Protein chains: 2
Amino acid sequence: MANDTLKLIPLGGLGEFGMNCMALRWHDDIVVIDAGLMFPEEELLGVDIVVPDISYLIENRDKVRGILLTHGHEDHIGGLPWILSELNVPVYGTEFTLAYVEGKLEEHHLLDDAELIEMLPGRRFTLGPFTIQPIRVTHSLVDCVALAIHTPVGVVLHTGDFKIDLSPPDGKAFDLHAFAELGKQGVLCLLQDSTNVDRRGYTPSERAVRPRLDEIFAQTQKKLFFSCFSSSIHRIRLAMELAQEHGRKIAVIGRSLDNSTEIAQDLGYLDIPPGLMINPGQIKEQPANKVCVLITGTQGEPMSALSRAAVNNHKHARIEAGDTVLMSSRVIPGNEKSIYRMIDHLERRDAKVIHDDGTQGLIHVSGHASQEELRLMINLVRPKFFIPVHGDYRHLKRHAEMAATMGVVEKSILLEDGEVLELSRDSAIRTGTVTVGRVCIDSGGGSTDVVEDLVIRDRRHLSEDGIVLPIIAIDKRTGKLENLPEIVIRGMAVDEATMIAEAKQIVQRTLDGSGGEERGDYGVIKEKIRADLKRYIQKSTSRRPLIMPVILEL
Amino acid sequence: MANDTLKLIPLGGLGEFGMNCMALRWHDDIVVIDAGLMFPEEELLGVDIVVPDISYLIENRDKVRGILLTHGHEDHIGGLPWILSELNVPVYGTEFTLAYVEGKLEEHHLLDDAELIEMLPGRRFTLGPFTIQPIRVTHSLVDCVALAIHTPVGVVLHTGDFKIDLSPPDGKAFDLHAFAELGKQGVLCLLQDSTNVDRRGYTPSERAVRPRLDEIFAQTQKKLFFSCFSSSIHRIRLAMELAQEHGRKIAVIGRSLDNSTEIAQDLGYLDIPPGLMINPGQIKEQPANKVCVLITGTQGEPMSALSRAAVNNHKHARIEAGDTVLMSSRVIPGNEKSIYRMIDHLERRDAKVIHDDGTQGLIHVSGHASQEELRLMINLVRPKFFIPVHGDYRHLKRHAEMAATMGVVEKSILLEDGEVLELSRDSAIRTGTVTVGRVCIDSGGGSTDVVEDLVIRDRRHLSEDGIVLPIIAIDKRTGKLENLPEIVIRGMAVDEATMIAEAKQIVQRTLDGSGGEERGDYGVIKEKIRADLKRYIQKSTSRRPLIMPVILEL
């Protein structure tokens, strides 16, 4: 039957980093792999996050059997609140992944109505015509899976995000056998993580950072601030082990790290010895050389704990001369300026800053497979068709080329968001396109750390909620306001004169209440103004206009 | 006499990259070393360049004997038009440096009134109590000097930007002997380039990129687009040599490269064989494998030739499947996103893109000294006092620490912009501060390449010229405008209704006249809107408001 084809429909992540989302359709049944978000380009002022346009899923809402999650990173699960509020379908994930999802849905008051179903690596389950086989893989996060989806035309294997870590710190091995077995039986199509296609060789194990971090613990004379991605459970575990060995207590600062640590502990990924942990309030009672502070903010996010500590505006995280700040993370492209600005502030406090600038030894490793691992996977799986996923266009292209030259796959296909690929047992044909795109979302609170009042709304409603532009002229030298701020309002249909007068006062107060270093850091000051104004406007009008502070430096 | 001290007064570049400017004062005589610009932080919307606040020099205008230039990079000479328009003093520089300066001053109609005086490496000259000894150094640019300034209390030696290139392509050797001689006679204070203080070892010679670039020329089957910084004369020379050897004609595209090439040829830095060069219009007449296009735009600047070629919007630079685009340059922090966006566009044209991502071999080398060269200079010069210049705070700090631990200098001093250091024969004491800061400047034209109508003005005049915000809602998928653009005007004291109506039409026309790929690239489209609106507003009102396009993605 001519119509007996499986459709692959990428809705996000093929041609960009972030908002990973892929639909598989067999007749009237659809399953979705991942539902991620991405962070916006800097040109999109006032937008906090971006999620995929799921018009296609909404048009076919009665056919969607569920969303399958490969792991708990934001670019794979961050779009769930928005998607579930439009399309409430069951969500499948591993135990750890679902723990992250629960917290996220709870914040948006969506948890009660959500159907979350745990999947176990190695245990198959069926959704309509699809049999799903989760396979344990290793990555920077824990409890990650690849998904082998057995369909009427053959197996579609999605790697999720992975590297082949042969000695993962949690001892949960990458399931090479499952991939080998699938390869023996025959795989129709492999969808593989393209992130590190430009890197030669193999990505080091998560364990590889231990020797250098151990040295840093040994050499640090005063307080050690240890910053890493909050989802880097392996790294948090390592920090705790090293703190224990070097006789330091651990304090955790920053909500996302708190949350991760708690989940990881509950689920047995962290075995914290009694007496190791102290509250942030107890830091000052400890001798400096007996404390290690786990702290959020590796990317210099203006409102993160580390950024605030860097300008001496954090209650518990006081950075003093001789303290060491270790950033066990990479620089995400686009964040260079915020990060270097934060480092300059830290250096002014006479902290020793160790970040991954290539001269500091192995203080961070990537979570994604390098070229040889990608080749190993292709050789193990021997798919008929190969499709790169998870990358900018150039990564997908390079990855497709790499696979094509290996002589293993029959056809290597460069697929982009919105292109529909129809698979039969022996053909893979592009047959059309569906609506895809980016939907911009604006969060309520000012902090990237605290997302309690994240409000999801479509920018299409802008004409209803309007736009507010506080225009502030700051004297660079003194950090002082030159005049009262100007406020421009558009399309809010409110008493503009009153709102403008009050908004001016709010901005003035925000500036008065900020330290000199904060006022000199435009990233920080803009976020503060935005948060304070937003709170005021929401309270007084129940509206959520787009608020975009404009700073003029005099 | 207690007042017999030399004052060092850094006005820019000590605590930031860019706008290098340092004053030396002995009683009633001041000389200034360099007068650079910097590119603004992204938070400063609508600002094109930033120059140092020279209030101190203006207050002491009758004492300023001249501006001494170390070399022709923008961060050392780019502030000259602004500074000379406030303070017309003689400018001293080498032949090549002055050639750049001439072009710059001509654009601003300042050349006729300017007094430009050539300095020759090795030839001393006197300005009041100062005897200036220019010393040839090597760098990514040609004809660069360090400045030994002989003062009544001793020699102050400013390295300028340098690396110790022992085989410079132009054969003009780094003058090790002059530094050694000064070291023997005694140097009071060394001011040294901190850019690469974080890099171990030695920076490779400019010649070191030849083997890999030669390979790339050999392997390229179709057109070769060669992009490098326009001031990289060594690199341009190498491209021409390789083109000649590989039987390719050279076309130059982009005004800044045109300008550099012309100057370098005039001054004998390029010896171009007859018949090598073709006009951009002749590219299409050449077989693809017989042409090399030198092209501007390594940083993905939205209006640069390479960015426009990447979205298929350049008349002569047509990039086709199989062409190679070589970016022989580094990624300047902050430009990652624009660069990667441009690369994605190039990859979609099926060009092979080679950029410095660490996997492509040596296709670029830095122009700044690494740690061992910095140590070598300190050992040669053996200064009593050491002051790091040219870097963010963290670079200065690291550099001061490095010098202090060498056991060579008596005192290593971390000085920042605005701090006055008084030097006697045996003391160096911080005695006060002067006004410093950043002055934001807004250029007229839309192109970073074409700066013809650069208009220099102080942002303090904002209240006179006002602010215009075109707000555009673009559909990401279609690249189409959702409504007519909104225009917000503040403080312009004009017939707002008319201007708004006309401005809407202008923006609409700009969008209609742009290709789909351009409309999808917000960096490009914002620059086009800004340029077109600015032209209209200046023509119709003679005002120069701040224009800040706001793009909302739907």
# chains A, B, ... in the order shown; residues from 1 in each chain; ligands from 1

$ interface_residues --of "chain B" --to "chain A" --cutoff "6 Å" --atoms "only C-alpha atoms" --output "PyMOL selection string"
chain B and resi 333-334+336-337+344+347+393-394+437+477

$ residues_around --residues "Asp62 in chain B" --least-positions-apart "4" --cutoff "10 Å" --atoms "only C-alpha atoms" --output "list in words"
Asp28, Asp29, Ile30, Leu57, Ile58, Leu87 and Val89 of chain B

$ write_last_selection --atoms "C-alpha atoms" --output "PDB file, in the first residue's frame"
ATOM      1  CA  ASP B  28      53.265  72.449  31.723  1.00  0.00           C
ATOM      2  CA  ASP B  29      53.959  69.981  28.939  1.00  0.00           C
ATOM      3  CA  ILE B  30      51.774  67.062  27.972  1.00  0.00           C
ATOM      4  CA  LEU B  57      43.233  67.320  27.845  1.00  0.00           C
ATOM      5  CA  ILE B  58      40.698  70.003  27.011  1.00  0.00           C
ATOM      6  CA  LEU B  87      41.848  69.826  20.338  1.00  0.00           C
ATOM      7  CA  VAL B  89      47.404  69.402  18.085  1.00  0.00           C
TER       8      VAL B  89
END

$ atom_distance --atom1 "CA of Thr541 in chain A" --atom2 "CA of Asp512 in chain A"
24.6 Å

$ atom_distance --atom1 "CA of Gly281 in chain B" --atom2 "CA of Ile295 in chain B"
13.9 Å

$ residues_around --residues "Gln133 in chain A" --least-positions-apart "4" --cutoff "6 Å" --atoms "only C-alpha atoms" --output "list of chain:residue names"
A:Arg124, A:Leu147, A:Ala148

$ residues_around --residues "Ser328 in chain B" --least-positions-apart "2" --cutoff "10 Å" --atoms "only C-alpha atoms" --output "MDAnalysis selection string"
chainID B and resid 209 213 226:229 232 235 298 325:326 330:331 354:356 362:365

$ atom_distance --atom1 "CA of Pro280 in chain A" --atom2 "CA of Arg207 in chain A"
27.8 Å

$ select_by_dssp --residues "range 41-139 of chain A" --states "alpha helix (DSSP H)" --output "ChimeraX atom specification"
/A:55-59,74-77,80-86,95-107

$ write_last_selection --atoms "C-alpha atoms" --output "PDB file, in the first residue's frame"
ATOM      1  CA  SER A  55       0.571  24.068  15.025  1.00  0.00           C
ATOM      2  CA  TYR A  56       1.053  20.713  13.353  1.00  0.00           C
ATOM      3  CA  LEU A  57       0.455  18.849  16.596  1.00  0.00           C
ATOM      4  CA  ILE A  58      -2.514  21.013  17.496  1.00  0.00           C
ATOM      5  CA  GLU A  59      -4.125  20.383  14.100  1.00  0.00           C
ATOM      6  CA  GLU A  74      15.995  22.544  29.037  1.00  0.00           C
ATOM      7  CA  ASP A  75      16.470  22.218  25.293  1.00  0.00           C
ATOM      8  CA  HIS A  76      14.600  18.906  25.513  1.00  0.00           C
ATOM      9  CA  ILE A  77      11.965  19.493  28.198  1.00  0.00           C
ATOM     10  CA  LEU A  80       6.644  21.240  27.968  1.00  0.00           C
ATOM     11  CA  PRO A  81       4.621  23.749  30.025  1.00  0.00           C
ATOM     12  CA  TRP A  82       3.676  25.642  26.894  1.00  0.00           C
ATOM     13  CA  ILE A  83       2.998  22.528  24.853  1.00  0.00           C
ATOM     14  CA  LEU A  84       1.006  20.748  27.541  1.00  0.00           C
ATOM     15  CA  SER A  85      -1.131  23.823  28.119  1.00  0.00           C
ATOM     16  CA  GLU A  86      -2.145  23.551  24.455  1.00  0.00           C
ATOM     17  CA  GLU A  95      12.688   8.786  36.744  1.00  0.00           C
ATOM     18  CA  PHE A  96      15.197  11.622  36.938  1.00  0.00           C
ATOM     19  CA  THR A  97      13.875  13.384  33.844  1.00  0.00           C
ATOM     20  CA  LEU A  98      10.334  13.278  35.203  1.00  0.00           C
ATOM     21  CA  ALA A  99      11.499  14.732  38.523  1.00  0.00           C
ATOM     22  CA  TYR A 100      12.699  17.822  36.630  1.00  0.00           C
ATOM     23  CA  VAL A 101       9.467  17.900  34.632  1.00  0.00           C
ATOM     24  CA  GLU A 102       7.366  17.723  37.784  1.00  0.00           C
ATOM     25  CA  GLY A 103       9.031  20.765  39.281  1.00  0.00           C
ATOM     26  CA  LYS A 104       8.609  22.684  36.065  1.00  0.00           C
ATOM     27  CA  LEU A 105       4.919  21.798  35.697  1.00  0.00           C
ATOM     28  CA  GLU A 106       4.233  22.571  39.320  1.00  0.00           C
ATOM     29  CA  GLU A 107       5.551  26.106  38.885  1.00  0.00           C
TER      30      GLU A 107
END

$ closest_residue --among "A:Lys222, A:Val156, A:Ala288, A:Leu24" --to "Gly183 in chain A" --atoms "only C-alpha atoms"
A:Val156

$ residues_around --residues "Thr159 in chain A" --least-positions-apart "5" --cutoff "12 Å" --atoms "only C-alpha atoms" --output "number ranges by chain"
A: 33-34, 69-71, 133-139, 144-149, 164, 174-175, 179, 189-194, 368-369, 373-374, 377-378, 381, 386-390

$ write_last_selection --atoms "N, CA, C and O atoms" --output "compact mmCIF listing (two decimals), in the first residue's frame"
# COMPACT_ATOMS: atom_id res chain seq x y z
N ILE A 33 9.10 13.17 20.05
CA ILE A 33 10.33 13.00 20.83
C ILE A 33 10.81 14.39 21.27
O ILE A 33 11.13 15.24 20.45
N ASP A 34 10.83 14.62 22.56
CA ASP A 34 11.31 15.84 23.20
C ASP A 34 10.46 17.09 22.90
O ASP A 34 9.74 17.14 21.91
N LEU A 69 10.51 11.73 26.30
CA LEU A 69 11.65 12.58 26.62
C LEU A 69 12.94 11.77 26.68
O LEU A 69 12.97 10.71 27.31
N THR A 70 13.99 12.28 26.06
CA THR A 70 15.27 11.56 26.11
C THR A 70 16.05 11.88 27.39
O THR A 70 16.74 11.02 27.93
N HIS A 71 15.94 13.14 27.88
CA HIS A 71 16.63 13.51 29.12
C HIS A 71 16.13 14.88 29.58
O HIS A 71 15.34 15.52 28.88
N GLN A 133 11.59 1.48 22.81
CA GLN A 133 12.63 0.81 23.59
C GLN A 133 13.64 1.85 24.06
O GLN A 133 14.47 2.31 23.28
N PRO A 134 13.57 2.25 25.32
CA PRO A 134 14.55 3.23 25.82
C PRO A 134 15.88 2.52 26.08
O PRO A 134 15.90 1.42 26.63
N ILE A 135 16.97 3.15 25.66
CA ILE A 135 18.30 2.55 25.83
C ILE A 135 19.18 3.51 26.62
O ILE A 135 19.29 4.69 26.27
N ARG A 136 19.81 3.01 27.66
CA ARG A 136 20.62 3.90 28.49
C ARG A 136 21.83 4.43 27.73
O ARG A 136 22.60 3.67 27.15
N VAL A 137 21.97 5.78 27.75
CA VAL A 137 23.19 6.40 27.20
C VAL A 137 23.81 7.27 28.29
O VAL A 137 23.19 7.54 29.32
N THR A 138 25.05 7.71 28.06
CA THR A 138 25.71 8.60 29.01
C THR A 138 25.79 10.01 28.41
O THR A 138 25.84 10.19 27.20
N HIS A 139 25.79 10.99 29.32
CA HIS A 139 25.74 12.40 28.90
C HIS A 139 26.19 13.20 30.12
O HIS A 139 26.55 12.63 31.15
N CYS A 144 19.79 9.38 31.18
CA CYS A 144 19.47 9.78 29.80
C CYS A 144 19.27 8.52 28.96
O CYS A 144 19.92 7.51 29.18
N VAL A 145 18.40 8.64 27.97
CA VAL A 145 18.18 7.50 27.09
C VAL A 145 18.19 7.90 25.62
O VAL A 145 17.87 9.04 25.27
N ALA A 146 18.56 6.92 24.79
CA ALA A 146 18.25 6.97 23.37
C ALA A 146 16.91 6.24 23.23
O ALA A 146 16.51 5.48 24.12
N LEU A 147 16.22 6.46 22.11
CA LEU A 147 14.93 5.80 21.91
C LEU A 147 14.95 5.03 20.60
O LEU A 147 15.12 5.61 19.53
N ALA A 148 14.80 3.69 20.71
CA ALA A 148 14.61 2.89 19.50
C ALA A 148 13.10 2.74 19.34
O ALA A 148 12.43 2.23 20.24
N ILE A 149 12.57 3.22 18.24
CA ILE A 149 11.13 3.15 18.04
C ILE A 149 10.84 2.14 16.94
O ILE A 149 11.20 2.35 15.77
N ILE A 164 29.90 8.65 24.62
CA ILE A 164 30.13 7.28 25.07
C ILE A 164 31.14 7.34 26.21
O ILE A 164 32.34 7.32 26.00
N PHE A 174 26.77 2.96 29.61
CA PHE A 174 26.23 3.16 28.27
C PHE A 174 25.92 1.78 27.71
O PHE A 174 26.78 0.89 27.72
N ASP A 175 24.71 1.56 27.21
CA ASP A 175 24.29 0.21 26.82
C ASP A 175 24.73 -0.13 25.40
O ASP A 175 23.92 -0.22 24.47
N PHE A 179 22.65 -1.31 21.41
CA PHE A 179 22.87 -0.73 20.08
C PHE A 179 23.40 -1.79 19.11
O PHE A 179 23.00 -1.87 17.95
N CYS A 189 16.54 3.70 10.32
CA CYS A 189 16.98 5.10 10.29
C CYS A 189 17.59 5.50 11.63
O CYS A 189 17.02 5.23 12.68
N LEU A 190 18.76 6.14 11.57
CA LEU A 190 19.40 6.63 12.79
C LEU A 190 19.36 8.16 12.80
O LEU A 190 19.77 8.80 11.83
N LEU A 191 18.87 8.73 13.88
CA LEU A 191 18.87 10.18 14.09
C LEU A 191 19.91 10.46 15.17
O LEU A 191 19.76 9.99 16.31
N GLN A 192 20.99 11.19 14.84
CA GLN A 192 22.10 11.29 15.79
C GLN A 192 22.50 12.73 16.12
O GLN A 192 22.56 13.59 15.25
N ASP A 193 22.80 12.94 17.38
CA ASP A 193 23.28 14.21 17.98
C ASP A 193 24.47 14.79 17.22
O ASP A 193 25.53 14.17 17.15
N SER A 194 24.33 16.00 16.68
CA SER A 194 25.40 16.60 15.85
C SER A 194 26.27 17.61 16.57
O SER A 194 27.20 18.16 15.98
N HIS A 368 28.77 15.79 24.90
CA HIS A 368 28.36 15.30 23.57
C HIS A 368 29.48 14.54 22.87
O HIS A 368 30.66 14.85 23.03
N ALA A 369 29.07 13.55 22.09
CA ALA A 369 30.00 12.67 21.37
C ALA A 369 30.82 13.44 20.35
O ALA A 369 30.29 14.25 19.60
N GLU A 373 33.24 8.87 18.35
CA GLU A 373 32.06 8.26 18.98
C GLU A 373 30.89 8.21 18.01
O GLU A 373 30.12 7.24 17.98
N LEU A 374 30.73 9.29 17.22
CA LEU A 374 29.65 9.32 16.23
C LEU A 374 29.86 8.20 15.21
O LEU A 374 28.92 7.49 14.84
N MET A 377 29.05 4.82 16.79
CA MET A 377 27.61 4.57 16.84
C MET A 377 27.07 4.14 15.47
O MET A 377 26.31 3.18 15.35
N ILE A 378 27.51 4.83 14.42
CA ILE A 378 27.04 4.48 13.07
C ILE A 378 27.49 3.06 12.70
O ILE A 378 26.73 2.27 12.13
N VAL A 381 25.34 0.54 14.69
CA VAL A 381 23.92 0.50 14.35
C VAL A 381 23.68 0.16 12.87
O VAL A 381 22.66 -0.41 12.52
N PHE A 386 20.42 7.74 7.38
CA PHE A 386 21.03 8.49 8.47
C PHE A 386 20.57 9.95 8.42
O PHE A 386 20.64 10.58 7.36
N ILE A 387 20.12 10.46 9.55
CA ILE A 387 19.68 11.86 9.62
C ILE A 387 20.32 12.54 10.82
O ILE A 387 20.09 12.13 11.96
N PRO A 388 21.13 13.58 10.60
CA PRO A 388 21.70 14.30 11.73
C PRO A 388 20.63 15.16 12.40
O PRO A 388 19.79 15.75 11.71
N VAL A 389 20.66 15.23 13.70
CA VAL A 389 19.75 16.12 14.45
C VAL A 389 20.59 16.95 15.42
O VAL A 389 21.80 16.73 15.56
N HIS A 390 19.96 17.91 16.09
CA HIS A 390 20.59 18.64 17.20
C HIS A 390 21.81 19.44 16.73
O HIS A 390 22.95 19.10 17.06

$ select_by_dssp --residues "range 274-360 of chain B" --states "strand (DSSP E)" --output "VMD selection string"
chain B and resid 291 to 295 324 to 327 352 to 354

$ write_last_selection --atoms "all heavy atoms" --output "short mmCIF file (atom, residue, chain, number, x, y, z; two decimals), in the first residue's frame"
data_model
loop_
_atom_site.label_atom_id
_atom_site.label_comp_id
_atom_site.auth_asym_id
_atom_site.auth_seq_id
_atom_site.Cartn_x
_atom_site.Cartn_y
_atom_site.Cartn_z
N VAL B 291 40.30 32.32 -9.61
CA VAL B 291 40.05 33.58 -8.94
C VAL B 291 40.08 33.45 -7.41
O VAL B 291 39.70 32.41 -6.86
CB VAL B 291 38.71 34.21 -9.44
CG1 VAL B 291 37.52 33.37 -9.01
CG2 VAL B 291 38.54 35.64 -8.95
N CYS B 292 40.63 34.46 -6.80
CA CYS B 292 40.62 34.56 -5.33
C CYS B 292 40.06 35.94 -4.99
O CYS B 292 40.56 36.95 -5.48
CB CYS B 292 42.05 34.41 -4.80
SG CYS B 292 42.22 34.81 -3.05
N VAL B 293 39.01 35.96 -4.18
CA VAL B 293 38.37 37.22 -3.82
C VAL B 293 38.76 37.60 -2.39
O VAL B 293 38.41 36.89 -1.45
CB VAL B 293 36.83 37.11 -3.94
CG1 VAL B 293 36.18 38.45 -3.59
CG2 VAL B 293 36.42 36.65 -5.33
N LEU B 294 39.50 38.68 -2.24
CA LEU B 294 39.78 39.21 -0.90
C LEU B 294 38.55 39.99 -0.48
O LEU B 294 38.12 40.91 -1.18
CB LEU B 294 40.97 40.16 -0.95
CG LEU B 294 42.36 39.57 -0.93
CD1 LEU B 294 43.40 40.70 -0.91
CD2 LEU B 294 42.54 38.71 0.32
N ILE B 295 37.98 39.67 0.66
CA ILE B 295 36.68 40.24 1.00
C ILE B 295 36.60 40.61 2.48
O ILE B 295 37.13 39.91 3.34
CB ILE B 295 35.56 39.26 0.58
CG1 ILE B 295 34.17 39.89 0.71
CG2 ILE B 295 35.63 37.94 1.35
CD1 ILE B 295 33.09 39.13 -0.06
N THR B 324 35.05 28.02 -1.81
CA THR B 324 35.59 27.95 -0.45
C THR B 324 35.63 29.36 0.13
O THR B 324 36.01 30.31 -0.55
CB THR B 324 37.02 27.36 -0.48
OG1 THR B 324 36.92 25.97 -0.84
CG2 THR B 324 37.68 27.46 0.89
N VAL B 325 35.19 29.49 1.39
CA VAL B 325 35.30 30.76 2.10
C VAL B 325 36.26 30.56 3.26
O VAL B 325 35.98 29.78 4.18
CB VAL B 325 33.93 31.25 2.62
CG1 VAL B 325 34.09 32.55 3.38
CG2 VAL B 325 32.94 31.41 1.47
N LEU B 326 37.39 31.23 3.20
CA LEU B 326 38.41 31.10 4.23
C LEU B 326 38.39 32.35 5.11
O LEU B 326 38.52 33.46 4.60
CB LEU B 326 39.78 30.94 3.57
CG LEU B 326 41.00 31.14 4.47
CD1 LEU B 326 41.06 30.06 5.55
CD2 LEU B 326 42.28 31.11 3.64
N MET B 327 38.19 32.18 6.39
CA MET B 327 38.22 33.32 7.29
C MET B 327 39.52 33.25 8.09
O MET B 327 39.62 32.54 9.08
CB MET B 327 36.99 33.30 8.19
CG MET B 327 35.71 33.51 7.36
SD MET B 327 34.23 32.90 8.15
CE MET B 327 34.05 34.15 9.41
N LYS B 352 32.28 25.76 1.10
CA LYS B 352 33.08 25.14 2.15
C LYS B 352 33.64 26.28 2.99
O LYS B 352 34.37 27.13 2.48
CB LYS B 352 34.20 24.34 1.51
CG LYS B 352 35.12 23.63 2.50
CD LYS B 352 36.17 22.83 1.71
CE LYS B 352 37.32 22.39 2.60
NZ LYS B 352 36.92 21.42 3.62
N VAL B 353 33.28 26.31 4.27
CA VAL B 353 33.72 27.42 5.12
C VAL B 353 34.84 26.95 6.04
O VAL B 353 34.71 25.94 6.73
CB VAL B 353 32.55 27.95 5.99
CG1 VAL B 353 33.01 29.14 6.82
CG2 VAL B 353 31.37 28.33 5.11
N ILE B 354 35.95 27.66 6.00
CA ILE B 354 37.08 27.32 6.87
C ILE B 354 37.29 28.49 7.81
O ILE B 354 37.67 29.58 7.38
CB ILE B 354 38.35 27.07 6.03
CG1 ILE B 354 38.09 25.94 5.02
CG2 ILE B 354 39.54 26.76 6.93
CD1 ILE B 354 39.25 25.69 4.06
#
